[in-house]
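Text of my_file.pdb (PDB, C-alpha atoms) as supplied:
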```pdb
ATOM      1  CA  MET B 854     -32.452  25.598  79.931
ATOM      2  CA  ARG B 855     -34.125  25.682  76.539
ATOM      3  CA  ILE B 856     -36.250  28.679  75.638
ATOM      4  CA  VAL B 857     -38.500  28.814  72.608
ATOM      5  CA  ARG B 858     -40.692  31.209  70.700
ATOM      6  CA  PHE B 859     -43.901  29.628  69.577
ATOM      7  CA  ASP B 860     -47.538  30.330  68.768
ATOM      8  CA  ASN B 861     -47.351  33.925  67.695
ATOM      9  CA  TRP B 862     -44.407  35.065  69.824
ATOM     10  CA  SER B 863     -45.207  33.412  73.100
ATOM     11  CA  THR B 864     -42.153  32.461  75.131
ATOM     12  CA  GLY B 865     -41.937  28.914  76.426
ATOM     13  CA  LEU B 866     -39.668  26.687  78.461
ATOM     14  CA  LEU B 867     -39.070  23.211  77.110
ATOM     15  CA  LEU B 868     -39.850  20.373  79.489
ATOM     16  CA  GLY B 869     -38.144  17.235  78.319
ATOM     17  CA  GLU B 870     -38.397  16.598  74.616
ATOM     18  CA  ASP B 871     -41.958  17.275  73.651
ATOM     19  CA  ARG B 872     -43.622  19.518  76.212
ATOM     20  CA  VAL B 873     -43.436  23.231  76.709
ATOM     21  CA  LEU B 874     -44.483  25.536  79.534
ATOM     22  CA  ASP B 875     -46.013  28.688  78.099
ATOM     23  CA  VAL B 876     -44.531  31.401  80.307
ATOM     24  CA  SER B 877     -46.344  34.189  78.518
ATOM     25  CA  ALA B 878     -49.679  32.535  79.321
ATOM     26  CA  THR B 879     -48.656  31.505  82.806
ATOM     27  CA  VAL B 880     -48.098  35.053  84.017
ATOM     28  CA  GLN B 881     -51.686  35.867  82.993
ATOM     29  CA  ARG B 882     -53.316  33.040  84.938
ATOM     30  CA  PRO B 883     -55.192  34.241  88.039
ATOM     31  CA  GLU B 884     -54.213  31.173  90.073
ATOM     32  CA  ALA B 885     -50.553  31.798  89.345
ATOM     33  CA  VAL B 886     -50.049  35.520  89.763
ATOM     34  CA  ALA B 887     -49.421  35.263  93.494
ATOM     35  CA  LEU B 888     -46.542  32.822  93.135
ATOM     36  CA  PRO B 889     -43.187  34.458  93.884
ATOM     37  CA  ALA B 890     -41.590  32.978  90.788
ATOM     38  CA  VAL B 891     -44.394  34.278  88.586
ATOM     39  CA  GLN B 892     -44.248  37.706  90.163
ATOM     40  CA  CYS B 893     -40.537  37.779  89.444
ATOM     41  CA  VAL B 894     -40.826  37.032  85.744
ATOM     42  CA  ALA B 895     -44.174  38.669  84.985
ATOM     43  CA  PRO B 896     -42.711  42.087  84.046
ATOM     44  CA  PHE B 897     -40.722  40.438  81.277
ATOM     45  CA  PHE B 898     -43.603  38.501  79.751
ATOM     46  CA  THR B 899     -46.472  40.898  79.294
ATOM     47  CA  PRO B 900     -48.559  40.404  76.141
ATOM     48  CA  HIS B 901     -46.597  43.235  74.542
ATOM     49  CA  SER B 902     -43.090  42.221  75.604
ATOM     50  CA  LEU B 903     -41.809  40.607  72.450
ATOM     51  CA  ASP B 904     -38.247  41.634  73.146
ATOM     52  CA  TRP B 905     -36.120  39.242  75.176
ATOM     53  CA  ALA B 906     -33.492  41.884  75.887
ATOM     54  CA  PRO B 907     -34.933  43.018  79.268
ATOM     55  CA  MET B 908     -35.170  39.408  80.411
ATOM     56  CA  ILE B 909     -31.605  38.699  79.339
ATOM     57  CA  SER B 910     -30.295  41.790  81.061
ATOM     58  CA  ALA B 911     -32.013  40.698  84.283
ATOM     59  CA  TRP B 912     -30.987  37.058  83.872
ATOM     60  CA  PRO B 913     -29.464  36.595  87.374
ATOM     61  CA  LEU B 914     -32.894  37.510  88.752
ATOM     62  CA  VAL B 915     -35.015  35.762  86.153
ATOM     63  CA  LYS B 916     -33.139  32.491  85.856
ATOM     64  CA  PRO B 917     -33.923  31.116  89.365
ATOM     65  CA  ALA B 918     -37.582  31.967  88.900
ATOM     66  CA  LEU B 919     -37.772  30.195  85.549
ATOM     67  CA  GLU B 920     -35.986  27.206  87.035
ATOM     68  CA  GLN B 921     -38.599  27.133  89.781
ATOM     69  CA  LEU B 922     -41.401  27.135  87.214
ATOM     70  CA  ILE B 923     -39.710  24.270  85.386
ATOM     71  CA  ALA B 924     -39.256  22.288  88.586
ATOM     72  CA  ASP B 925     -42.888  22.778  89.554
ATOM     73  CA  ALA B 926     -44.090  21.730  86.126
ATOM     74  CA  LEU B 927     -41.842  18.682  86.046
ATOM     75  CA  GLY B 928     -42.775  17.722  89.572
ATOM     76  CA  GLY B 929     -46.157  16.587  88.450
ATOM     77  CA  ASP B 930     -47.822  17.699  91.677
ATOM     78  CA  PRO B 931     -50.918  19.632  90.625
ATOM     79  CA  ARG B 932     -51.023  21.366  94.013
ATOM     80  CA  ARG B 933     -47.616  22.879  93.328
ATOM     81  CA  ASP B 934     -47.950  23.298  89.596
ATOM     82  CA  ARG B 935     -50.252  26.258  89.876
ATOM     83  CA  ALA B 936     -48.060  28.214  87.537
ATOM     84  CA  GLY B 937     -49.075  26.529  84.359
ATOM     85  CA  HIS B 938     -49.966  23.389  82.549
ATOM     86  CA  ALA B 939     -47.425  22.007  80.143
ATOM     87  CA  GLN B 940     -48.642  21.403  76.643
ATOM     88  CA  ARG B 941     -47.439  19.306  73.780
ATOM     89  CA  PHE B 942     -44.672  20.818  71.716
ATOM     90  CA  ALA B 943     -43.105  19.919  68.427
ATOM     91  CA  ALA B 944     -40.451  22.054  66.803
ATOM     92  CA  PRO B 945     -42.082  23.677  63.804
ATOM     93  CA  ALA B 946     -40.848  22.896  60.339
ATOM     94  CA  VAL B 947     -40.051  26.247  58.803
ATOM     95  CA  ALA B 948     -40.967  26.722  55.185
ATOM     96  CA  LEU B 949     -38.528  28.753  53.178
ATOM     97  CA  ALA B 950     -39.230  30.085  49.757
ATOM     98  CA  TYR B 951     -37.275  31.768  47.065
ATOM     99  CA  PRO B 952     -38.371  35.244  46.047
ATOM    100  CA  PRO B 953     -40.453  35.776  42.929
ATOM    101  CA  GLY B 954     -38.510  35.288  39.755
ATOM    102  CA  PHE B 955     -36.262  32.581  41.143
ATOM    103  CA  ARG B 956     -36.648  28.883  40.705
ATOM    104  CA  ASP B 957     -39.814  29.344  38.706
ATOM    105  CA  GLY B 958     -41.075  26.364  36.846
ATOM    106  CA  GLY B 959     -40.276  27.619  33.374
ATOM    107  CA  LYS B 960     -36.660  28.413  34.081
ATOM    108  CA  SER B 961     -35.066  25.329  35.416
ATOM    109  CA  ARG B 962     -31.296  25.255  35.574
ATOM    110  CA  ARG B 963     -31.236  22.833  32.645
ATOM    111  CA  SER B 964     -33.369  25.024  30.434
ATOM    112  CA  ARG B 965     -31.363  28.088  31.271
ATOM    113  CA  GLY B 966     -28.178  26.222  30.464
ATOM    114  CA  ALA B 967     -29.574  25.119  27.140
ATOM    115  CA  ARG B 968     -30.444  28.676  26.255
ATOM    116  CA  ALA B 969     -27.004  29.854  27.257
ATOM    117  CA  GLU B 970     -25.506  27.192  25.016
ATOM    118  CA  ARG B 971     -27.526  28.466  22.072
ATOM    119  CA  ASP B 972     -26.758  32.072  22.816
ATOM    120  CA  PRO B 973     -23.874  32.285  25.244
ATOM    121  CA  GLY B 974     -23.890  36.057  25.326
ATOM    122  CA  HIS B 975     -27.577  36.545  25.912
ATOM    123  CA  PHE B 976     -27.252  37.237  29.586
ATOM    124  CA  ASP B 977     -24.443  39.132  31.170
ATOM    125  CA  HIS B 978     -26.080  41.210  33.811
ATOM    126  CA  ARG B 979     -22.934  41.894  35.776
ATOM    127  CA  GLY B 980     -20.746  42.763  32.829
ATOM    128  CA  THR B 981     -18.505  39.786  33.521
ATOM    129  CA  ASP B 982     -17.492  36.847  31.391
ATOM    130  CA  PRO B 983     -20.676  35.079  30.284
ATOM    131  CA  HIS B 984     -18.709  31.910  29.514
ATOM    132  CA  ARG B 985     -17.711  31.236  33.084
ATOM    133  CA  ASP B 986     -17.628  27.542  33.843
ATOM    134  CA  ALA B 987     -18.037  25.593  37.026
ATOM    135  CA  GLN B 988     -14.417  25.889  37.997
ATOM    136  CA  GLY B 989     -14.425  29.597  37.387
ATOM    137  CA  THR B 990     -17.512  30.016  39.482
ATOM    138  CA  ALA B 991     -15.993  28.044  42.305
ATOM    139  CA  GLU B 992     -12.786  30.052  42.179
ATOM    140  CA  ARG B 993     -14.641  33.335  42.105
ATOM    141  CA  LEU B 994     -16.733  32.348  45.088
ATOM    142  CA  HIS B 995     -13.966  30.626  46.984
ATOM    143  CA  GLY B 996     -13.052  33.571  49.143
ATOM    144  CA  HIS B 997     -16.629  34.224  50.146
ATOM    145  CA  THR B 998     -17.747  30.745  50.965
ATOM    146  CA  ARG B 999     -14.686  29.420  52.699
ATOM    147  CA  ASN B1000     -13.587  32.396  54.704
ATOM    148  CA  SER B1001     -15.270  31.759  58.018
ATOM    149  CA  TYR B1002     -14.038  28.264  58.943
ATOM    150  CA  ARG B1003     -10.679  26.592  58.577
ATOM    151  CA  SER B1004     -12.178  23.151  58.206
ATOM    152  CA  GLU B1005     -12.014  21.259  54.943
ATOM    153  CA  ARG B1006     -14.892  19.336  53.510
ATOM    154  CA  ARG B1007     -15.349  15.995  55.128
ATOM    155  CA  GLY B1008     -16.815  12.842  53.759
ATOM    156  CA  HIS B1009     -20.538  12.742  53.317
ATOM    157  CA  SER B1010     -22.605  10.194  55.128
ATOM    158  CA  THR B1011     -26.190   9.175  54.890
ATOM    159  CA  THR B1012     -26.930   9.200  58.569
ATOM    160  CA  ARG B1013     -29.906  11.015  59.909
ATOM    161  CA  PRO B1014     -29.443  13.756  62.517
ATOM    162  CA  PRO B1015     -28.169  12.048  65.677
ATOM    163  CA  ASP B1016     -30.944  13.378  67.830
ATOM    164  CA  ALA B1017     -30.278  11.056  70.714
ATOM    165  CA  ARG B1018     -26.560  11.675  70.960
ATOM    166  CA  LEU B1019     -26.680  15.435  70.681
ATOM    167  CA  ARG B1020     -29.921  15.879  72.502
ATOM    168  CA  SER B1021     -29.895  18.466  75.214
ATOM    169  CA  ARG B1022     -28.919  17.453  78.672
ATOM    170  CA  GLY B1023     -32.172  18.935  79.860
ATOM    171  CA  PRO B1024     -32.956  21.931  82.018
ATOM    172  CA  ARG B1025     -30.045  23.257  83.986
TER     173      ARG B1025
ATOM    174  CA  MET X1034     -27.068  35.587  71.591
ATOM    175  CA  LEU X1035     -25.342  38.156  73.723
ATOM    176  CA  THR X1036     -25.970  39.582  77.147
ATOM    177  CA  ARG X1037     -24.639  42.831  78.495
ATOM    178  CA  ARG X1038     -24.465  43.590  82.184
ATOM    179  CA  ASP X1039     -22.396  46.206  83.957
ATOM    180  CA  GLY X1040     -20.815  47.161  80.684
ATOM    181  CA  GLU X1041     -19.523  43.658  80.020
ATOM    182  CA  VAL X1042     -20.643  41.656  77.008
ATOM    183  CA  GLY X1043     -21.113  37.924  77.493
ATOM    184  CA  TYR X1044     -22.767  34.952  75.840
ATOM    185  CA  TRP X1045     -26.302  34.148  76.913
ATOM    186  CA  GLY X1046     -27.260  31.301  74.610
ATOM    187  CA  TYR X1047     -26.970  29.766  71.184
ATOM    188  CA  THR X1048     -29.115  28.285  68.458
ATOM    189  CA  ALA X1049     -28.871  27.112  64.863
ATOM    190  CA  TRP X1050     -29.298  29.615  62.048
ATOM    191  CA  ASN X1051     -30.098  28.694  58.461
ATOM    192  CA  ASP X1052     -28.829  31.464  56.199
ATOM    193  CA  LEU X1053     -30.082  30.804  52.664
ATOM    194  CA  SER X1054     -28.595  32.397  49.558
ATOM    195  CA  VAL X1055     -29.901  32.994  46.068
ATOM    196  CA  ARG X1056     -27.272  31.701  43.635
ATOM    197  CA  ASP X1057     -29.288  31.498  40.435
ATOM    198  CA  HIS X1058     -27.617  34.510  38.948
ATOM    199  CA  TYR X1059     -24.263  32.744  38.883
ATOM    200  CA  PHE X1060     -25.518  30.450  36.159
ATOM    201  CA  PRO X1061     -25.844  31.328  32.504
ATOM    202  CA  GLY X1062     -29.302  32.729  32.002
ATOM    203  CA  GLY X1063     -29.936  33.074  35.698
ATOM    204  CA  PRO X1064     -32.075  36.028  36.690
ATOM    205  CA  PRO X1065     -30.190  38.962  38.184
ATOM    206  CA  VAL X1066     -30.484  39.809  41.837
ATOM    207  CA  ASP X1067     -29.063  43.221  41.236
ATOM    208  CA  ALA X1068     -26.765  44.545  38.543
ATOM    209  CA  GLY X1069     -25.159  46.994  40.910
ATOM    210  CA  PRO X1070     -23.734  47.199  44.388
ATOM    211  CA  LEU X1071     -26.612  45.377  46.054
ATOM    212  CA  VAL X1072     -25.825  42.045  44.418
ATOM    213  CA  TRP X1073     -24.263  40.616  47.583
ATOM    214  CA  ALA X1074     -26.768  42.170  49.965
ATOM    215  CA  LEU X1075     -29.892  41.053  48.111
ATOM    216  CA  GLN X1076     -28.825  37.479  47.507
ATOM    217  CA  LYS X1077     -28.481  37.088  51.280
ATOM    218  CA  ASN X1078     -31.515  39.097  52.359
ATOM    219  CA  PHE X1079     -34.904  38.055  51.094
ATOM    220  CA  ALA X1080     -38.212  37.140  52.691
ATOM    221  CA  THR X1081     -38.013  33.774  54.495
ATOM    222  CA  GLY X1082     -34.313  33.588  53.655
ATOM    223  CA  ASN X1083     -33.316  33.065  57.276
ATOM    224  CA  ALA X1084     -34.534  30.749  59.994
ATOM    225  CA  ALA X1085     -33.295  30.199  63.547
ATOM    226  CA  GLY X1086     -34.103  27.686  66.223
ATOM    227  CA  PRO X1087     -35.842  25.497  67.036
ATOM    228  CA  TRP X1088     -35.009  26.869  70.492
ATOM    229  CA  MET X1089     -32.361  28.803  72.355
ATOM    230  CA  VAL X1090     -29.994  26.781  74.525
ATOM    231  CA  VAL X1091     -29.108  28.835  77.588
ATOM    232  CA  GLU X1092     -26.257  27.562  79.719
ATOM    233  CA  ASP X1093     -24.049  29.321  82.187
ATOM    234  CA  ASP X1094     -20.802  27.831  81.046
ATOM    235  CA  PHE X1095     -21.103  26.972  77.375
ATOM    236  CA  ASP X1096     -18.101  27.707  75.175
ATOM    237  CA  PRO X1097     -19.111  29.411  71.915
ATOM    238  CA  GLY X1098     -15.750  28.379  70.535
ATOM    239  CA  ASP X1099     -16.450  24.681  70.910
ATOM    240  CA  LEU X1100     -19.799  23.866  69.374
ATOM    241  CA  GLU X1101     -20.342  21.105  66.842
ATOM    242  CA  LEU X1102     -22.297  21.971  63.729
ATOM    243  CA  ARG X1103     -23.872  19.566  61.254
ATOM    244  CA  THR X1104     -26.101  19.987  58.242
ATOM    245  CA  TRP X1105     -28.157  17.438  56.366
ATOM    246  CA  VAL X1106     -30.084  17.808  53.128
ATOM    247  CA  ASN X1107     -32.812  15.216  52.623
ATOM    248  CA  GLY X1108     -31.129  13.105  55.281
ATOM    249  CA  GLU X1109     -27.671  13.197  53.718
ATOM    250  CA  GLN X1110     -24.984  14.883  55.752
ATOM    251  CA  ARG X1111     -23.439  17.774  53.856
ATOM    252  CA  GLN X1112     -21.533  19.647  56.563
ATOM    253  CA  GLU X1113     -19.688  18.798  59.737
ATOM    254  CA  GLY X1114     -17.612  21.311  61.600
ATOM    255  CA  SER X1115     -16.906  23.031  64.855
ATOM    256  CA  THR X1116     -16.853  26.652  65.872
ATOM    257  CA  ALA X1117     -13.328  25.871  67.051
ATOM    258  CA  ASP X1118     -12.387  26.018  63.352
ATOM    259  CA  MET X1119     -13.657  29.534  62.832
ATOM    260  CA  ILE X1120     -10.954  31.827  61.499
ATOM    261  CA  HIS X1121     -12.343  34.698  63.534
ATOM    262  CA  SER X1122     -13.742  33.471  66.851
ATOM    263  CA  PHE X1123     -16.907  34.829  68.368
ATOM    264  CA  THR X1124     -14.806  36.577  70.999
ATOM    265  CA  ALA X1125     -12.675  38.262  68.362
ATOM    266  CA  THR X1126     -15.805  39.216  66.464
ATOM    267  CA  VAL X1127     -17.380  40.757  69.556
ATOM    268  CA  GLU X1128     -14.231  42.702  70.277
ATOM    269  CA  HIS X1129     -14.038  43.952  66.713
ATOM    270  CA  LEU X1130     -17.695  44.925  66.473
ATOM    271  CA  SER X1131     -17.502  46.712  69.807
ATOM    272  CA  ASN X1132     -15.176  49.204  68.165
ATOM    273  CA  TYR X1133     -17.964  50.328  65.888
ATOM    274  CA  LEU X1134     -21.322  49.800  67.595
ATOM    275  CA  PRO X1135     -22.692  49.242  71.088
ATOM    276  CA  LEU X1136     -23.590  45.590  71.597
ATOM    277  CA  ALA X1137     -26.592  44.936  73.806
ATOM    278  CA  SER X1138     -28.492  42.077  75.395
ATOM    279  CA  GLY X1139     -30.414  40.174  72.773
ATOM    280  CA  ASP X1140     -28.029  40.925  69.924
ATOM    281  CA  MET X1141     -27.234  37.892  67.807
ATOM    282  CA  ILE X1142     -24.007  37.106  66.001
ATOM    283  CA  THR X1143     -23.922  34.419  63.329
ATOM    284  CA  SER X1144     -20.798  32.542  62.417
ATOM    285  CA  GLY X1145     -20.816  31.794  58.725
ATOM    286  CA  THR X1146     -20.620  28.226  57.588
ATOM    287  CA  PRO X1147     -18.053  25.424  57.438
ATOM    288  CA  ALA X1148     -17.055  23.602  54.286
ATOM    289  CA  GLY X1149     -19.735  21.771  52.349
ATOM    290  CA  ALA X1150     -21.875  24.514  50.834
ATOM    291  CA  ALA X1151     -23.106  23.753  47.306
ATOM    292  CA  VAL X1152     -21.585  26.919  45.894
ATOM    293  CA  GLU X1153     -18.089  25.575  46.490
ATOM    294  CA  ASP X1154     -18.601  23.364  43.443
ATOM    295  CA  GLY X1155     -19.739  26.178  41.229
ATOM    296  CA  SER X1156     -22.425  25.346  38.731
ATOM    297  CA  ALA X1157     -21.875  21.652  39.445
ATOM    298  CA  GLY X1158     -22.891  22.105  43.059
ATOM    299  CA  ARG X1159     -25.914  20.369  44.490
ATOM    300  CA  TYR X1160     -28.109  23.375  45.079
ATOM    301  CA  LEU X1161     -31.349  23.321  46.988
ATOM    302  CA  GLU X1162     -34.556  22.804  45.072
ATOM    303  CA  PRO X1163     -38.191  23.161  46.111
ATOM    304  CA  GLY X1164     -39.128  20.260  48.328
ATOM    305  CA  ASP X1165     -35.667  19.744  49.785
ATOM    306  CA  VAL X1166     -35.502  19.467  53.558
ATOM    307  CA  VAL X1167     -32.540  21.044  55.329
ATOM    308  CA  GLU X1168     -31.696  20.043  58.887
ATOM    309  CA  ILE X1169     -29.141  21.813  61.042
ATOM    310  CA  GLN X1170     -27.978  20.997  64.534
ATOM    311  CA  VAL X1171     -25.563  22.990  66.670
ATOM    312  CA  GLY X1172     -24.181  21.733  69.957
ATOM    313  CA  SER X1173     -26.860  20.222  72.141
ATOM    314  CA  GLY X1174     -29.619  22.215  70.472
ATOM    315  CA  GLY X1175     -32.492  20.718  68.611
ATOM    316  CA  VAL X1176     -32.674  20.081  64.880
ATOM    317  CA  LEU X1177     -33.663  23.152  62.877
ATOM    318  CA  ARG X1178     -35.688  21.705  60.029
ATOM    319  CA  THR X1179     -36.602  23.816  57.013
ATOM    320  CA  THR X1180     -38.364  22.921  53.803
ATOM    321  CA  VAL X1181     -37.531  24.762  50.614
ATOM    322  CA  GLY X1182     -40.589  26.046  48.835
ATOM    323  CA  LYS X1183     -41.663  28.341  46.037
ATOM    324  CA  PHE X1184     -43.536  31.587  46.052
TER     325      PHE X1184
END
```
Using the file provided, produce a representation of the structure as C-alpha cells.
Amino acid sequence: MRIVRFDNWSTGLLLGEDRVLDVSATVQRPEAVALPAVQCVAPFFTPHSLDWAPMISAWPLVKPALEQLIADALGGDPRRDRAGHAQRFAAPAVALAYPPGFRDGGKSRRSRGARAERDPGHFDHRGTDPHRDAQGTAERLHGHTRNSYRSERRGHSTTRPPDARLRSRGPR
Amino acid sequence: MLTRRDGEVGYWGYTAWNDLSVRDHYFPGGPPVDAGPLVWALQKNFATGNAAGPWMVVEDDFDPGDLELRTWVNGEQRQEGSTADMIHSFTATVEHLSNYLPLASGDMITSGTPAGAAVEDGSAGRYLEPGDVVEIQVGSGGVLRTTVGKF
C-alpha cells in the first residue's frame, strides 16, 4: 500500500501509477459516510487530523478498511465505488533552496577561491587553518560523511532512475 | 516510520529522505554558518533543507535492513547502496534510542547516506548548484525528485 500526503495535507492512497484516492475528502462525502469501510477510517481523517500517528497505532483496524476502499476504486464499478473518485496524481517536484547568504550570485565558488588566493587569511571564521586544501577537507569530513554505511563508492553511470524495475508491486 | 502497539516498536513503512547540507563554509571565503557550537546543527537544519517522499510504502513484511538506495543528480547516478551496509542497523538504532526517549507511532528514523556524497572529495567535490535536479529512490518506493533553487 502506498500512502501519500498531497494538496495541503490531504491523505491519499495511490491507485496504480498515476491516480490517487483522496481519503480525507472521501470521508466527507455524503454518499460515502454510510459505508462500513469509510466509517472505520473516518475518525482518523477529519479535516483537522494531520497526524498519522493515531492511524498507525490502529493499523490492524484501519488497514482492511483502506484496502477495501482501494479495491472498490480499482474495481471500476461506479455502483460500488461510492467511497470516492480517483483523481490524477503526479509526484510533486520539491523545490529546495539554500538559505539567504549562500550560493548568491556574487559569491560563486570560483570568485571566493580567487579572493582567498589573493588574501588567504581573510576568512577564518572557525579559527582553523585557512589554507586547508581539498585533501584536508576530505580528511576532516571523512568521519562524518562515511560513518553510516560500510559501502564504498561505486562506479557512476548515466542511467536514469529505473522506474520500471523498482516500481512498486502495487497495493498489498 | 515506526509503529508502536502494546509497548512494542515495529516498522510501519518507509520512504526516501533528501537531507541537504550547506557546505559553503568549508571553502576559502565561504560564508559562516555559525562560528560556534551550532556549526553542525545549522548546516543540516535550514528551511527547505529536507524533503521526503514521494509517498510512504507500507508493507507488512518489509525488511528495513535490506532496502536498495540510489541517487542521481541531473540523471547521473551518484550513489548506490543498501541499508544492509549500514554500520548501525535500524534495529540497533531503535534499541539505542529507546534507552533515552519513548518512541511512538509516526516517529521517523533516517539512515544517513552511503558513499558518493560530494563532500567526500573536499573542495573538489561536485556540489549541488541552483537548477540541479536530485532524484532518490529507496526500495520499491517512487522517485523523490527535488530541484535546487535560490532564495
Q.
Env of X:Thr1116: 6 Å cut, atoms = all atoms listed in the file, seq-sep filter 4 positions within chain, self excluded. Answer as a list in words.
A. Gly1098, Asp1099 and Leu1100 of chain X
(Q) On this structure, the PyMOL selection byres ((chain B and resi 873) around 8) would catch which residues? List them as JSON, numbers by chain, sorted by chain and number. (A) {"B": [865, 866, 867, 868, 871, 872, 874, 875, 939, 940, 941, 942]}
Those residues you just picked out, can you put them in a file as a compact mmCIF listing (two decimals), in the coordinates of the input with C-alpha atoms?
```
# COMPACT_ATOMS: atom_id res chain seq x y z
CA GLY B 865 -41.94 28.91 76.43
CA LEU B 866 -39.67 26.69 78.46
CA LEU B 867 -39.07 23.21 77.11
CA LEU B 868 -39.85 20.37 79.49
CA ASP B 871 -41.96 17.27 73.65
CA ARG B 872 -43.62 19.52 76.21
CA LEU B 874 -44.48 25.54 79.53
CA ASP B 875 -46.01 28.69 78.10
CA ALA B 939 -47.42 22.01 80.14
CA GLN B 940 -48.64 21.40 76.64
CA ARG B 941 -47.44 19.31 73.78
CA PHE B 942 -44.67 20.82 71.72
```
Q) Residues picked by the PyMOL selection byres ((chain X and resi 1139) around 8) here, as a ChimeraX atom specification? A) /B:904-906,909 /X:1034-1036,1137-1138,1140-1141
Q) From the set B:Ser877, B:Ser910, B:Ser902, B:Gln892, which residue has the shortest atom-to-atom contact distance to chain X, counting only C-alpha atoms? A) B:Ser910
**Q.** Of the listed residues B:Ala887, B:Ile856, B:Pro900, B:Cys893, that which approaches X:Glu1092 most closely, counting all atoms listed in the file
**A.**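 Counting all atoms listed in the file, the residue closest to X:Glu1092 is B:Ile856.
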Q: Check what the PyMOL selection byres ((chain X and resi 1087) around 8) selects in the file above and give those residues as an MDAnalysis selection string.
A: (chainID B and resid 857 944:945) or (chainID X and resid 1048:1049 1085:1086 1088:1089 1174:1178)
Go ahead and fit an axis-aligned box to every listed atom of stretch 1114-1124 of chain X plus 4 Å each side, and pass me the centre and edge lengths in Å, one decimal, as lines of an AutoDock Vina configuration file.
```
center_x = -14.3
center_y = 28.9
center_z = 66.2
size_x = 14.7
size_y = 23.3
size_z = 17.5
```
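Reported to one decimal place, the separation of atom CA of X:Met1119 from atom CA of X:Ser1131 is 18.9 Å.
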**Q.** Residue among X:Gln1076, X:Asn1132, X:Gln1110, X:Ser1054 lying closest to chain B, counting all atoms listed in the file
**A.**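 Ranked by minimum distance to chain B, first place goes to X:Gln1110.
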For B:Gln881, work out the shell of residues within 9 Å, counting all atoms listed in the file and skipping chain neighbours fewer than 3 positions away, then give it as a PDB file with C-alpha atoms, in the frame of the given file.
```
ATOM      1  CA  VAL B 876     -44.531  31.401  80.307  1.00  0.00           C
ATOM      2  CA  SER B 877     -46.344  34.189  78.518  1.00  0.00           C
ATOM      3  CA  ALA B 878     -49.679  32.535  79.321  1.00  0.00           C
ATOM      4  CA  GLU B 884     -54.213  31.173  90.073  1.00  0.00           C
ATOM      5  CA  ALA B 885     -50.553  31.798  89.345  1.00  0.00           C
ATOM      6  CA  VAL B 886     -50.049  35.520  89.763  1.00  0.00           C
ATOM      7  CA  ALA B 895     -44.174  38.669  84.985  1.00  0.00           C
ATOM      8  CA  THR B 899     -46.472  40.898  79.294  1.00  0.00           C
ATOM      9  CA  PRO B 900     -48.559  40.404  76.141  1.00  0.00           C
TER      10      PRO B 900
END
```
Q: Record the distance separating atom CA of B:Phe898 and atom CA of B:Ser863, expressed in Å with one decimal.
A: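 Here the two named atoms are 8.5 Å from each other.
Rounded to one decimal, atom CA of X:Ala1151 and atom CA of X:Ala1084 lie 18.5 Å from each other.
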Q: Find, counting all atoms listed in the file, the residue in B:Trp862, B:Glu870, B:Pro896, B:Gly928 that gets nearest to chain X.
A: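 Smallest distance to chain X is found for B:Glu870.
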Q. So which one's closest to chain B, X:Thr1143, X:Thr1081, X:Asn1051, X:Ser1122? Using all atoms listed in the file, please.
A.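 Residue with the minimum atom-to-atom distance to chain B: X:Thr1081.
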Q | Among the residues X:Ala1074, X:Val1042, X:Val1066, X:Val1091, the one that comes closest to chain B [using only C-alpha atoms] | A | X:Val1091
